[in-house]
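Text of entry22.txt, listed as compact mmCIF, N, CA and C atoms:
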# COMPACT_ATOMS: atom_id res chain seq x y z
N MET G 575 16.78 25.81 5.73
CA MET G 575 17.16 25.31 7.04
C MET G 575 17.64 23.88 6.92
N ARG G 576 18.38 23.48 7.88
CA ARG G 576 18.96 22.13 7.92
C ARG G 576 17.90 21.08 8.23
N ILE G 577 18.03 19.92 7.57
CA ILE G 577 17.18 18.78 7.86
C ILE G 577 17.99 17.81 8.71
N ILE G 578 17.42 17.34 9.81
CA ILE G 578 18.11 16.46 10.75
C ILE G 578 17.45 15.09 10.73
N ARG G 579 18.21 14.06 10.40
CA ARG G 579 17.69 12.69 10.42
C ARG G 579 17.47 12.27 11.87
N VAL G 580 16.34 11.60 12.13
CA VAL G 580 16.01 11.15 13.48
C VAL G 580 16.21 9.64 13.55
N GLU G 581 17.09 9.20 14.41
CA GLU G 581 17.37 7.78 14.62
C GLU G 581 16.28 7.22 15.53
N THR G 582 15.50 6.26 15.04
CA THR G 582 14.36 5.75 15.79
C THR G 582 14.54 4.33 16.30
N SER G 583 15.70 3.70 16.04
CA SER G 583 15.86 2.28 16.38
C SER G 583 15.73 2.00 17.88
N GLY G 584 16.04 2.96 18.73
CA GLY G 584 15.95 2.76 20.18
C GLY G 584 14.67 3.30 20.79
N ALA G 585 13.73 3.71 19.96
CA ALA G 585 12.51 4.35 20.46
C ALA G 585 11.29 3.46 20.27
N THR G 586 10.29 3.71 21.11
CA THR G 586 8.96 3.15 20.91
C THR G 586 8.08 4.29 20.43
N ILE G 587 7.38 4.08 19.32
CA ILE G 587 6.53 5.12 18.75
C ILE G 587 5.11 4.56 18.68
N LEU G 588 4.17 5.25 19.34
CA LEU G 588 2.78 4.80 19.38
C LEU G 588 1.89 5.80 18.66
N LEU G 589 0.96 5.30 17.87
CA LEU G 589 0.02 6.15 17.13
C LEU G 589 -1.03 6.71 18.09
N THR G 590 -1.16 8.03 18.14
CA THR G 590 -2.14 8.66 19.03
C THR G 590 -3.26 9.38 18.27
N GLU G 591 -3.01 9.72 17.00
CA GLU G 591 -4.03 10.38 16.17
C GLU G 591 -4.01 9.77 14.78
N ALA G 592 -5.17 9.37 14.31
CA ALA G 592 -5.31 8.75 12.98
C ALA G 592 -4.90 9.74 11.89
N PRO G 593 -4.46 9.23 10.74
CA PRO G 593 -4.08 10.12 9.63
C PRO G 593 -5.25 10.98 9.18
N GLU G 594 -4.94 12.25 8.92
CA GLU G 594 -5.92 13.16 8.36
C GLU G 594 -5.21 14.10 7.41
N PRO G 595 -5.92 14.64 6.43
CA PRO G 595 -5.28 15.53 5.46
C PRO G 595 -4.66 16.75 6.14
N LYS G 596 -3.47 17.13 5.66
CA LYS G 596 -2.80 18.33 6.16
C LYS G 596 -3.37 19.53 5.41
N VAL G 597 -3.92 20.48 6.12
CA VAL G 597 -4.54 21.65 5.51
C VAL G 597 -3.49 22.74 5.31
N ARG G 598 -3.36 23.20 4.08
CA ARG G 598 -2.41 24.26 3.77
C ARG G 598 -2.99 25.63 4.09
N ASP G 599 -4.27 25.83 3.74
CA ASP G 599 -4.94 27.12 3.95
C ASP G 599 -6.26 26.87 4.67
N ARG G 600 -6.34 27.28 5.91
CA ARG G 600 -7.54 27.02 6.72
C ARG G 600 -8.77 27.77 6.20
N GLN G 601 -8.56 28.91 5.56
CA GLN G 601 -9.69 29.67 5.05
C GLN G 601 -10.34 29.00 3.85
N THR G 602 -9.53 28.41 2.97
CA THR G 602 -10.08 27.79 1.77
C THR G 602 -10.23 26.28 1.91
N GLY G 603 -9.56 25.69 2.91
CA GLY G 603 -9.59 24.25 3.09
C GLY G 603 -8.64 23.52 2.15
N GLU G 604 -7.76 24.26 1.47
CA GLU G 604 -6.81 23.65 0.53
C GLU G 604 -5.91 22.66 1.25
N ILE G 605 -5.78 21.45 0.66
CA ILE G 605 -4.94 20.40 1.22
C ILE G 605 -3.50 20.62 0.76
N ALA G 606 -2.54 20.44 1.69
CA ALA G 606 -1.12 20.60 1.36
C ALA G 606 -0.67 19.47 0.45
N LYS G 607 0.21 19.82 -0.47
CA LYS G 607 0.76 18.86 -1.43
C LYS G 607 2.28 18.86 -1.33
N ASP G 608 2.89 17.70 -1.63
CA ASP G 608 4.34 17.60 -1.67
C ASP G 608 4.85 18.47 -2.83
N ALA G 609 5.87 19.28 -2.56
CA ALA G 609 6.39 20.21 -3.56
C ALA G 609 6.98 19.49 -4.77
N ASN G 610 7.54 18.30 -4.58
CA ASN G 610 8.18 17.58 -5.69
C ASN G 610 7.21 16.66 -6.43
N SER G 611 6.43 15.88 -5.70
CA SER G 611 5.58 14.87 -6.34
C SER G 611 4.15 15.34 -6.58
N GLY G 612 3.71 16.36 -5.85
CA GLY G 612 2.33 16.81 -5.96
C GLY G 612 1.35 15.94 -5.17
N GLU G 613 1.88 14.93 -4.47
CA GLU G 613 1.03 14.02 -3.69
C GLU G 613 0.47 14.74 -2.46
N ALA G 614 -0.79 14.43 -2.10
CA ALA G 614 -1.42 15.01 -0.92
C ALA G 614 -0.65 14.59 0.33
N LEU G 615 -0.58 15.50 1.30
CA LEU G 615 0.11 15.22 2.56
C LEU G 615 -0.90 14.97 3.67
N MET G 616 -0.53 14.09 4.59
CA MET G 616 -1.36 13.72 5.73
C MET G 616 -0.56 14.02 7.00
N THR G 617 -1.27 14.19 8.12
CA THR G 617 -0.60 14.32 9.42
C THR G 617 -1.10 13.21 10.33
N ILE G 618 -0.20 12.76 11.19
CA ILE G 618 -0.54 11.80 12.23
C ILE G 618 0.01 12.32 13.55
N GLY G 619 -0.54 11.86 14.64
CA GLY G 619 -0.01 12.17 15.95
C GLY G 619 0.60 10.92 16.53
N VAL G 620 1.78 11.06 17.13
CA VAL G 620 2.44 9.93 17.77
C VAL G 620 3.02 10.37 19.11
N VAL G 621 3.23 9.39 19.98
CA VAL G 621 4.03 9.63 21.17
C VAL G 621 5.35 8.91 20.92
N TYR G 622 6.44 9.64 21.08
CA TYR G 622 7.79 9.15 20.83
C TYR G 622 8.43 8.92 22.19
N ILE G 623 8.76 7.66 22.49
CA ILE G 623 9.28 7.30 23.81
C ILE G 623 10.70 6.75 23.64
N GLU G 624 11.64 7.37 24.35
CA GLU G 624 13.03 6.90 24.31
C GLU G 624 13.75 7.32 25.58
N ASP G 625 14.53 6.41 26.14
CA ASP G 625 15.31 6.67 27.35
C ASP G 625 14.46 7.20 28.50
N GLY G 626 13.26 6.65 28.65
CA GLY G 626 12.39 7.03 29.76
C GLY G 626 11.69 8.36 29.60
N GLU G 627 11.83 9.02 28.46
CA GLU G 627 11.17 10.30 28.22
C GLU G 627 10.24 10.16 27.02
N SER G 628 9.16 10.95 27.01
CA SER G 628 8.21 10.88 25.91
C SER G 628 7.85 12.27 25.42
N SER G 629 7.49 12.33 24.14
CA SER G 629 7.05 13.58 23.52
C SER G 629 5.90 13.28 22.58
N LEU G 630 4.89 14.13 22.59
CA LEU G 630 3.80 14.06 21.61
C LEU G 630 4.21 14.91 20.42
N ILE G 631 4.20 14.31 19.23
CA ILE G 631 4.58 15.08 18.04
C ILE G 631 3.61 14.79 16.89
N LYS G 632 3.52 15.75 15.99
CA LYS G 632 2.76 15.59 14.74
C LYS G 632 3.78 15.31 13.65
N VAL G 633 3.47 14.36 12.78
CA VAL G 633 4.37 13.98 11.70
C VAL G 633 3.60 14.07 10.38
N THR G 634 4.23 14.69 9.38
CA THR G 634 3.66 14.77 8.04
C THR G 634 4.15 13.58 7.23
N VAL G 635 3.22 12.93 6.53
CA VAL G 635 3.52 11.74 5.73
C VAL G 635 2.78 11.87 4.40
N PRO G 636 3.41 11.50 3.27
CA PRO G 636 2.67 11.50 2.01
C PRO G 636 1.52 10.51 2.07
N GLU G 637 0.42 10.82 1.40
CA GLU G 637 -0.76 9.98 1.45
C GLU G 637 -0.45 8.53 1.06
N GLY G 638 0.41 8.33 0.07
CA GLY G 638 0.77 6.99 -0.37
C GLY G 638 1.61 6.23 0.65
N GLY G 639 2.14 6.91 1.66
CA GLY G 639 2.96 6.26 2.69
C GLY G 639 2.17 5.79 3.89
N ILE G 640 0.84 5.98 3.87
CA ILE G 640 -0.01 5.55 4.98
C ILE G 640 -0.36 4.07 4.76
N SER G 641 0.11 3.21 5.65
CA SER G 641 -0.12 1.77 5.52
C SER G 641 -1.48 1.37 6.07
N GLU G 642 -1.99 0.26 5.56
CA GLU G 642 -3.21 -0.34 6.10
C GLU G 642 -2.88 -0.97 7.45
N GLY G 643 -3.90 -1.15 8.28
CA GLY G 643 -3.73 -1.86 9.54
C GLY G 643 -3.22 -1.01 10.69
N LEU G 644 -3.24 0.31 10.55
CA LEU G 644 -2.82 1.17 11.66
C LEU G 644 -3.94 1.23 12.70
N ALA G 645 -3.56 1.15 13.98
CA ALA G 645 -4.54 1.20 15.06
C ALA G 645 -4.07 2.18 16.12
N LEU G 646 -4.99 3.00 16.63
CA LEU G 646 -4.64 3.95 17.69
C LEU G 646 -4.09 3.20 18.89
N GLY G 647 -3.01 3.72 19.46
CA GLY G 647 -2.37 3.12 20.62
C GLY G 647 -1.37 2.04 20.27
N ALA G 648 -1.33 1.64 19.01
CA ALA G 648 -0.42 0.57 18.59
C ALA G 648 0.93 1.16 18.16
N PRO G 649 1.99 0.35 18.26
CA PRO G 649 3.30 0.83 17.81
C PRO G 649 3.35 0.97 16.30
N VAL G 650 4.10 1.98 15.85
CA VAL G 650 4.30 2.22 14.43
C VAL G 650 5.77 2.47 14.16
N SER G 651 6.13 2.35 12.90
CA SER G 651 7.47 2.67 12.43
C SER G 651 7.36 3.88 11.51
N LEU G 652 8.35 4.76 11.57
CA LEU G 652 8.37 5.97 10.73
C LEU G 652 9.65 6.01 9.92
N PRO G 653 9.73 5.21 8.84
CA PRO G 653 10.95 5.21 8.04
C PRO G 653 11.22 6.59 7.44
N GLY G 654 12.50 6.95 7.45
CA GLY G 654 12.90 8.23 6.86
C GLY G 654 12.50 9.45 7.69
N LEU G 655 12.31 9.28 9.00
CA LEU G 655 11.89 10.40 9.84
C LEU G 655 12.98 11.47 9.91
N VAL G 656 12.59 12.71 9.63
CA VAL G 656 13.50 13.85 9.73
C VAL G 656 12.82 14.97 10.51
N ALA G 657 13.66 15.82 11.08
CA ALA G 657 13.18 17.00 11.81
C ALA G 657 13.76 18.23 11.11
N ARG G 658 12.92 19.25 10.97
CA ARG G 658 13.35 20.49 10.32
C ARG G 658 12.96 21.67 11.21
N PRO G 659 13.95 22.38 11.77
CA PRO G 659 13.62 23.59 12.54
C PRO G 659 13.01 24.64 11.61
N TRP G 660 12.06 25.43 12.15
CA TRP G 660 11.45 26.48 11.35
C TRP G 660 11.20 27.70 12.23
N GLU G 661 11.06 28.85 11.58
CA GLU G 661 10.66 30.07 12.28
C GLU G 661 9.94 30.98 11.31
N SER G 662 9.02 31.77 11.84
CA SER G 662 8.27 32.70 11.01
C SER G 662 7.71 33.81 11.89
N VAL G 663 7.20 34.84 11.23
CA VAL G 663 6.53 35.92 11.92
C VAL G 663 5.07 35.86 11.50
N PHE G 664 4.15 35.78 12.47
CA PHE G 664 2.73 35.72 12.20
C PHE G 664 2.03 36.75 13.07
N ASN G 665 1.33 37.68 12.44
CA ASN G 665 0.66 38.78 13.16
C ASN G 665 1.63 39.51 14.08
N GLY G 666 2.84 39.73 13.59
CA GLY G 666 3.83 40.46 14.37
C GLY G 666 4.51 39.65 15.47
N GLN G 667 4.14 38.39 15.59
CA GLN G 667 4.72 37.53 16.63
C GLN G 667 5.74 36.58 16.01
N GLN G 668 6.93 36.52 16.60
CA GLN G 668 7.95 35.56 16.16
C GLN G 668 7.56 34.18 16.67
N ARG G 669 7.52 33.20 15.76
CA ARG G 669 7.17 31.82 16.13
C ARG G 669 8.26 30.90 15.62
N HIS G 670 8.44 29.79 16.31
CA HIS G 670 9.43 28.81 15.88
C HIS G 670 9.06 27.43 16.40
N GLY G 671 9.64 26.42 15.81
CA GLY G 671 9.36 25.06 16.24
C GLY G 671 10.14 24.06 15.42
N ILE G 672 9.69 22.81 15.48
CA ILE G 672 10.31 21.74 14.72
C ILE G 672 9.21 21.02 13.96
N ALA G 673 9.39 20.86 12.66
CA ALA G 673 8.45 20.11 11.82
C ALA G 673 9.04 18.73 11.57
N TYR G 674 8.21 17.70 11.72
CA TYR G 674 8.64 16.32 11.51
C TYR G 674 7.99 15.77 10.25
N ARG G 675 8.78 15.00 9.49
CA ARG G 675 8.26 14.39 8.27
C ARG G 675 8.86 13.00 8.12
N ALA G 676 8.05 12.05 7.67
CA ALA G 676 8.51 10.69 7.42
C ALA G 676 8.06 10.26 6.03
N ALA G 677 8.77 9.29 5.47
CA ALA G 677 8.42 8.77 4.16
C ALA G 677 7.15 7.93 4.23
N ALA G 678 6.91 7.31 5.40
CA ALA G 678 5.76 6.41 5.55
C ALA G 678 5.46 6.21 7.04
N VAL G 679 4.30 5.63 7.31
CA VAL G 679 3.97 5.15 8.65
C VAL G 679 3.43 3.74 8.48
N THR G 680 4.05 2.80 9.20
CA THR G 680 3.69 1.39 9.06
C THR G 680 3.50 0.76 10.43
N PRO G 681 2.68 -0.29 10.54
CA PRO G 681 2.54 -0.98 11.82
C PRO G 681 3.89 -1.56 12.25
N ALA G 682 4.12 -1.61 13.55
CA ALA G 682 5.36 -2.17 14.10
C ALA G 682 4.99 -3.04 15.30
N ALA G 683 5.99 -3.66 15.89
CA ALA G 683 5.78 -4.50 17.07
C ALA G 683 6.35 -3.78 18.28
N PHE G 684 5.80 -4.08 19.45
CA PHE G 684 6.38 -3.54 20.67
C PHE G 684 7.78 -4.12 20.84
N PRO G 685 8.75 -3.32 21.29
CA PRO G 685 10.09 -3.86 21.48
C PRO G 685 10.10 -4.89 22.61
N ALA G 686 11.00 -5.84 22.51
CA ALA G 686 11.12 -6.86 23.56
C ALA G 686 11.58 -6.18 24.84
N ALA G 687 10.99 -6.60 25.96
CA ALA G 687 11.37 -6.02 27.26
C ALA G 687 12.77 -6.48 27.60
N THR G 688 13.57 -5.55 28.13
CA THR G 688 14.92 -5.90 28.55
C THR G 688 14.99 -5.88 30.05
N GLY G 689 15.65 -6.87 30.60
CA GLY G 689 15.81 -6.93 32.04
C GLY G 689 14.53 -7.31 32.77
N ALA G 690 13.55 -7.88 32.10
CA ALA G 690 12.30 -8.27 32.76
C ALA G 690 12.50 -9.55 33.56
N ALA G 691 11.96 -9.56 34.73
CA ALA G 691 12.08 -10.75 35.57
C ALA G 691 11.08 -11.81 35.11
N ALA G 692 11.52 -13.06 35.16
CA ALA G 692 10.65 -14.16 34.72
C ALA G 692 9.76 -14.61 35.83
As structure tokens - that is how I would like this structure written.
Amino acid sequence: MRIIRVETSGATILLTEAPEPKVRDRQTGEIAKDANSGEALMTIGVVYIEDGESSLIKVTVPEGGISEGLALGAPVSLPGLVARPWESVFNGQQRHGIAYRAAAVTPAAFPAATGAAA
């Protein structure tokens, strides 16, 4: 499937869920690994706000890309954010969605307010 780069320069991204290991197999507890590097993968929850609209999304990040100093509710940056559409059949049910992945998650600053009255 196609990978779509996500332009984040005009968005505010806030951390809503702390990093935790991405589980590949819920029955065995096996942690997901990057197919190329073998590095453990983590998931984070963020709210993505742009043009007055917001979405809660889960983002997969390699363990080495998790920066120190992350705080819930604080703005973060997601360099290399991409979206990948997916679909599968599970228990006879067709499922589909979008998987998000970033190279890292780092602390960021709130964007400067535009048009704010003094």
Residues of segment 629-664 of chain G that approach segment 580-596 of chain G to 6 Å or less, counting only N, CA and C atoms: could you list each one with the shortest pair of atoms and its distance in Å to one decimal, rows by chain and increasing residue number, as JSON lines?
{"residue": "G:Ala645", "atom": "C", "partner": "G:Leu589", "partner_atom": "CA", "distance": 5.8}
{"residue": "G:Leu646", "atom": "CA", "partner": "G:Leu589", "partner_atom": "C", "distance": 4.6}
{"residue": "G:Gly647", "atom": "N", "partner": "G:Leu589", "partner_atom": "C", "distance": 3.8}
{"residue": "G:Ala648", "atom": "C", "partner": "G:Leu589", "partner_atom": "N", "distance": 4.2}
{"residue": "G:Pro649", "atom": "CA", "partner": "G:Ile587", "partner_atom": "C", "distance": 4.2}
{"residue": "G:Val650", "atom": "N", "partner": "G:Ile587", "partner_atom": "C", "distance": 4.0}
{"residue": "G:Leu655", "atom": "C", "partner": "G:Val580", "partner_atom": "N", "distance": 4.0}
{"residue": "G:Val656", "atom": "CA", "partner": "G:Val580", "partner_atom": "N", "distance": 4.3}
{"residue": "G:Ala657", "atom": "N", "partner": "G:Val580", "partner_atom": "N", "distance": 5.1}
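In this structure, atom CA of Ile631 of chain G sits 8.7 Å away from atom N of Ile618 of chain G.
Atom pair atom N of Arg598 of chain G / atom CA of Thr634 of chain G: separated by 11.7 Å.
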>> So that I can see what lies close to Thr680 of chain G, please list as an MDAnalysis selection string the residues with an atom at most 8 Å from it, counting only N, CA and C atoms and leaving out residues fewer than 4 positions away in the same chain.
In response: chainID G and resid 639:645 649:653
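Using only N, CA and C atoms, the smallest distance between any of G:Lys632, G:Arg579, G:Arg600, G:Arg675 and Gly619 of chain G comes from G:Lys632.
Near Lys607 of chain G, within a cut-off of 9 Å and counting only C-alpha atoms, sit the residues G:Lys596, G:Arg598, G:Ser611, G:Gly612, G:Glu613, G:Ala614, G:Leu615, G:Pro636, with same-chain residues fewer than 4 positions away left out.
With only C-alpha atoms as the atoms that count, the residue of G:Arg669, G:Glu604, G:Arg658, G:Tyr674 with the shortest distance to Leu630 of chain G is G:Tyr674.
Computed from the coordinates, the atom CA of Ala678 of chain G to atom CA of Gly638 of chain G distance equals 7.8 Å.
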Hey, could you pull the box centre and edge lengths for segment 588-606 of chain G, axis-aligned, 4 Å padding per side, all listed atoms, to one decimal in Å, as lines of an AutoDock Vina configuration file?
center_x = -3.1
center_y = 17.2
center_z = 9.9
size_x = 22.5
size_y = 32.9
size_z = 26.9
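Using all atoms listed in the file, the nearest neighbour of Ala676 of chain G within the list G:Ala609, G:Ile578, G:Val633, G:Met616 is G:Val633.
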>> Just list as a PyMOL selection string whatever in chain G DSSP marks as strand (DSSP E).
In response: chain G and resi 578-579+586-595+597-599+604-605+615-624+627-636+650-651+656-664+667-675+680-681
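Of the listed residues (G:Asp599, G:Val620, G:Gly671, G:Ile577), G:Ile577 comes nearest to Gly654 of chain G; the distances count only C-alpha atoms.
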>> Which residues are close to His670 of chain G, i.e. within 9 Å by only C-alpha atoms, leaving aside same-chain residues fewer than 6 positions away? Reply as a list in words.
In response: Pro659, Trp660, Glu661, Ser662 and Val663 of chain G
